[in-house]
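J.: I am sharing work-v4.cif, which consists of mmCIF, C-alpha atoms:
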```cif
data_entry
loop_
_atom_site.group_PDB
_atom_site.id
_atom_site.type_symbol
_atom_site.label_atom_id
_atom_site.label_comp_id
_atom_site.auth_asym_id
_atom_site.auth_seq_id
_atom_site.Cartn_x
_atom_site.Cartn_y
_atom_site.Cartn_z
ATOM 1 C CA MET M 1 40.861 48.429 -92.873
ATOM 2 C CA TYR M 2 38.497 46.707 -90.521
ATOM 3 C CA ILE M 3 37.342 47.378 -86.973
ATOM 4 C CA LEU M 4 36.841 44.625 -84.417
ATOM 5 C CA ARG M 5 34.698 44.784 -81.283
ATOM 6 C CA PRO M 6 36.568 46.328 -78.327
ATOM 7 C CA ASP M 7 35.647 43.583 -75.855
ATOM 8 C CA ILE M 8 37.594 40.866 -77.701
ATOM 9 C CA ALA M 9 40.608 39.341 -75.940
ATOM 10 C CA GLU M 10 44.049 40.093 -77.432
ATOM 11 C CA ASP M 11 44.688 36.483 -78.463
ATOM 12 C CA GLU M 12 41.351 36.434 -80.291
ATOM 13 C CA VAL M 13 42.349 39.617 -82.124
ATOM 14 C CA THR M 14 45.518 37.922 -83.385
ATOM 15 C CA ASN M 15 43.402 34.904 -84.374
ATOM 16 C CA HIS M 16 41.124 37.182 -86.436
ATOM 17 C CA ILE M 17 44.107 38.851 -88.100
ATOM 18 C CA ASP M 18 45.620 35.459 -88.977
ATOM 19 C CA LYS M 19 42.230 34.213 -90.179
ATOM 20 C CA TYR M 20 41.712 37.085 -92.627
ATOM 21 C CA ASN M 21 45.336 36.962 -93.794
ATOM 22 C CA LYS M 22 45.052 33.249 -94.572
ATOM 23 C CA LEU M 23 41.652 33.736 -96.193
ATOM 24 C CA LEU M 24 43.059 36.445 -98.418
ATOM 25 C CA GLU M 25 45.964 34.260 -99.515
ATOM 26 C CA GLU M 26 43.602 31.335 -100.214
ATOM 27 C CA PHE M 27 41.542 33.536 -102.543
ATOM 28 C CA GLY M 28 44.624 34.582 -104.527
ATOM 29 C CA GLY M 29 45.669 37.840 -102.884
ATOM 30 C CA THR M 30 49.153 38.798 -101.745
ATOM 31 C CA ILE M 31 49.545 40.404 -98.323
ATOM 32 C CA LEU M 32 51.843 43.430 -98.365
ATOM 33 C CA ASP M 33 51.407 44.574 -94.769
ATOM 34 C CA SER M 34 49.140 43.760 -91.836
ATOM 35 C CA GLN M 35 49.119 46.033 -88.780
ATOM 36 C CA MET M 36 47.006 46.170 -85.674
ATOM 37 C CA ARG M 37 46.484 49.883 -85.006
ATOM 38 C CA GLY M 38 45.084 49.341 -81.524
ATOM 39 C CA LYS M 39 41.933 50.304 -79.672
ATOM 40 C CA ARG M 40 40.617 53.736 -80.577
ATOM 41 C CA ARG M 41 37.515 55.783 -79.954
ATOM 42 C CA LEU M 42 34.987 55.680 -82.785
ATOM 43 C CA ALA M 43 33.651 58.847 -84.386
ATOM 44 C CA TYR M 44 30.131 57.619 -83.710
ATOM 45 C CA GLN M 45 28.532 54.722 -81.879
ATOM 46 C CA ILE M 46 28.350 51.430 -83.821
ATOM 47 C CA ASN M 47 26.249 48.567 -82.420
ATOM 48 C CA LYS M 48 26.400 50.170 -78.962
ATOM 49 C CA HIS M 49 30.224 50.290 -79.068
ATOM 50 C CA ARG M 50 32.093 53.549 -78.576
ATOM 51 C CA GLU M 51 35.546 52.041 -79.223
ATOM 52 C CA GLY M 52 36.964 49.567 -81.679
ATOM 53 C CA ILE M 53 40.173 47.708 -82.483
ATOM 54 C CA TYR M 54 41.517 48.941 -85.811
ATOM 55 C CA VAL M 55 43.397 46.611 -88.165
ATOM 56 C CA GLN M 56 44.975 47.758 -91.418
ATOM 57 C CA LEU M 57 45.524 45.125 -94.098
ATOM 58 C CA SER M 58 47.386 46.124 -97.258
ATOM 59 C CA HIS M 59 47.143 43.547 -100.020
ATOM 60 C CA GLN M 60 47.544 43.127 -103.732
ATOM 61 C CA GLY M 61 45.507 41.086 -106.157
ATOM 62 C CA ASP M 62 43.214 41.084 -109.147
ATOM 63 C CA GLY M 63 40.167 42.219 -107.172
ATOM 64 C CA GLN M 64 38.222 38.952 -107.374
ATOM 65 C CA HIS M 65 39.146 38.070 -103.779
ATOM 66 C CA ILE M 66 37.748 41.283 -102.267
ATOM 67 C CA PHE M 67 34.093 40.225 -102.496
ATOM 68 C CA LYS M 68 34.860 36.940 -100.718
ATOM 69 C CA ILE M 69 36.843 38.453 -97.860
ATOM 70 C CA GLU M 70 34.248 41.217 -97.373
ATOM 71 C CA LYS M 71 31.527 38.584 -97.194
ATOM 72 C CA ALA M 72 33.473 36.763 -94.475
ATOM 73 C CA MET M 73 33.824 40.029 -92.533
ATOM 74 C CA ARG M 74 30.129 40.838 -92.997
ATOM 75 C CA LEU M 75 29.121 37.461 -91.551
ATOM 76 C CA SER M 76 31.458 37.751 -88.563
ATOM 77 C CA GLU M 77 29.938 39.136 -85.383
ATOM 78 C CA ASP M 78 33.322 40.429 -84.223
ATOM 79 C CA VAL M 79 33.868 42.781 -87.192
ATOM 80 C CA ILE M 80 31.780 45.908 -86.664
ATOM 81 C CA ARG M 81 33.012 47.824 -89.766
ATOM 82 C CA TYR M 82 35.232 47.197 -92.776
ATOM 83 C CA MET M 83 36.288 49.279 -95.728
ATOM 84 C CA THR M 84 38.300 48.421 -98.815
ATOM 85 C CA VAL M 85 40.053 51.192 -100.721
ATOM 86 C CA LYS M 86 41.728 50.758 -104.092
ATOM 87 C CA GLN M 87 45.100 52.463 -104.270
ATOM 88 C CA GLU M 88 46.604 53.400 -107.576
ATOM 89 C CA GLY M 89 50.231 54.307 -107.996
ATOM 90 C CA PRO M 90 53.170 53.029 -105.957
ATOM 91 C CA LEU M 91 52.602 50.185 -103.549
ATOM 92 C CA PRO M 92 52.669 50.969 -99.819
ATOM 93 C CA THR M 93 55.872 50.047 -98.037
ATOM 94 C CA PRO M 94 55.929 48.830 -94.448
ATOM 95 C CA ARG M 95 56.936 51.450 -91.912
ATOM 96 C CA PRO M 96 60.485 51.127 -90.552
ATOM 97 C CA SER M 97 60.974 50.170 -86.935
ATOM 98 C CA ASN M 98 60.992 52.929 -84.342
ATOM 99 C CA ASN M 99 64.734 52.627 -83.646
ATOM 100 C CA SER M 100 65.871 53.210 -87.214
ATOM 101 C CA ALA M 101 63.314 55.999 -87.681
ATOM 102 C CA ALA M 102 64.538 57.773 -84.539
ATOM 103 C CA GLN M 103 68.173 57.454 -85.649
ATOM 104 C CA SER M 104 67.459 58.854 -89.112
ATOM 105 C CA LYS M 105 65.441 61.673 -87.531
ATOM 106 C CA ASP M 106 68.390 62.543 -85.256
ATOM 107 C CA LYS M 107 70.768 62.544 -88.240
ATOM 108 C CA ASP M 108 68.413 64.794 -90.205
ATOM 109 C CA SER M 109 68.025 67.260 -87.333
ATOM 110 C CA LYS M 110 71.819 67.449 -86.802
ATOM 111 C CA GLN M 111 72.380 67.958 -90.508
ATOM 112 C CA ASN M 112 69.702 70.652 -90.712
ATOM 113 C CA LYS M 113 71.170 72.429 -87.676
ATOM 114 C CA GLU M 114 74.656 72.456 -89.234
ATOM 115 C CA GLU M 115 73.278 73.758 -92.532
ATOM 116 C CA SER M 116 71.349 76.544 -90.804
ATOM 117 C CA GLU M 117 74.473 77.593 -88.863
ATOM 118 C CA GLU M 118 76.449 77.784 -92.091
ATOM 119 C CA LYS M 119 73.749 79.878 -93.787
ATOM 120 C CA THR M 120 73.406 82.365 -90.911
ATOM 121 C CA VAL M 121 74.951 85.653 -91.996
ATOM 122 C CA THR M 122 74.605 88.916 -90.142
ATOM 123 C CA GLU M 123 73.382 91.692 -92.365
ATOM 124 C CA PRO M 124 73.757 95.406 -91.598
ATOM 125 C CA GLU M 125 70.704 96.946 -90.033
ATOM 126 C CA ALA M 126 68.409 98.496 -92.606
ATOM 127 C CA SER M 127 67.821 102.222 -92.157
ATOM 128 C CA SER M 128 64.334 103.504 -91.764
ATOM 129 C CA PRO M 129 63.031 106.869 -93.015
ATOM 130 C CA GLU M 130 62.762 108.132 -89.402
ATOM 131 C CA LYS M 131 66.434 107.429 -88.716
ATOM 132 C CA GLU M 132 67.429 109.246 -91.901
ATOM 133 C CA GLU M 133 65.451 112.332 -90.786
ATOM 134 C CA ILE M 134 67.190 112.328 -87.398
ATOM 135 C CA LYS M 135 70.625 112.064 -89.042
ATOM 136 C CA ALA M 136 69.752 114.940 -91.428
ATOM 137 C CA LYS M 137 68.707 117.183 -88.501
ATOM 138 C CA GLU M 138 71.919 116.398 -86.617
ATOM 139 C CA ASN M 139 74.054 117.242 -89.641
ATOM 140 C CA ALA M 140 72.213 120.562 -90.237
#
```
Starting from the file, give its structure as structure tokens.

T.:
Amino acid sequence: MYILRPDIAEDEVTNHIDKYNKLLEEFGGTILDSQMRGKRRLAYQINKHREGIYVQLSHQGDGQHIFKIEKAMRLSEDVIRYMTVKQEGPLPTPRPSNNSAAQSKDKDSKQNKEESEEKTVTEPEASSPEKEEIKAKENA
């Protein structure tokens, strides 16, 4: 994940993304996913900036390329923060497009609704001790 200055033009942002993707591949890494997360407010002010453009870069490699790409980010004036996190376990998969996610969500909600209708069973009302006392007085 790295954060670019907020005052950069959109075409320059894509140039930076392409630059770091190519740099990573040159150093022997494999890019799994690269997403621009957009301009967001920072938790605290960095170099007099209150916002930043977030970019998430998921990659795979032996780890030797990380030092080189971090050095390139450190020397760039447009990158205000970067962070590399090692993930163990299954590799991240790219998120599906919004259309297919919305369709699967609709299918799931319809299926859940049908299942809940099938499971709904009316049970007789449970008697409370007060009601039992009233019934006993009426019978006496």

J.: Applying 12 Å and only C-alpha atoms, which residues near Lys86 (chain M) remain after dropping the ones on its own chain fewer than 3 positions away? List them as number ranges by chain.

T.: M: 1, 58-63, 66, 83, 89-92

J.: Between CA of Tyr54 (chain M) and CA of Lys19 (chain M), what is the distance in Å, rounded to a tenth?

T.: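 That distance, rounded to one decimal, is 15.4 Å.
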
J.: Pick from M:Ser34, M:Gln56, M:Ala72, M:Arg5: nearest to Thr84 (chain M), with all atoms listed in the file counted?

T.: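 Among M:Ser34, M:Gln56, M:Ala72, M:Arg5, it is M:Gln56 that comes nearest to Thr84 (chain M).
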
J.: When you count only C-alpha atoms, which of these residues is closest to Lys39 (chain M): M:Ile69, M:Asp7, M:Ser76, M:Leu57?

T.: M:Asp7

J.: To one decimal in Å, tell me the separation between CA of Arg81 (chain M) and CA of Asn47 (chain M).

T.: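 Distance reported for this atom pair: 10.0 Å.
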
J.: Rounded to one decimal in Å, what is the spacing between CA of Ala9 (chain M) and CA of Gly28 (chain M)?

T.: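 We find that CA of Ala9 (chain M) and CA of Gly28 (chain M) lie 29.3 Å from each other.
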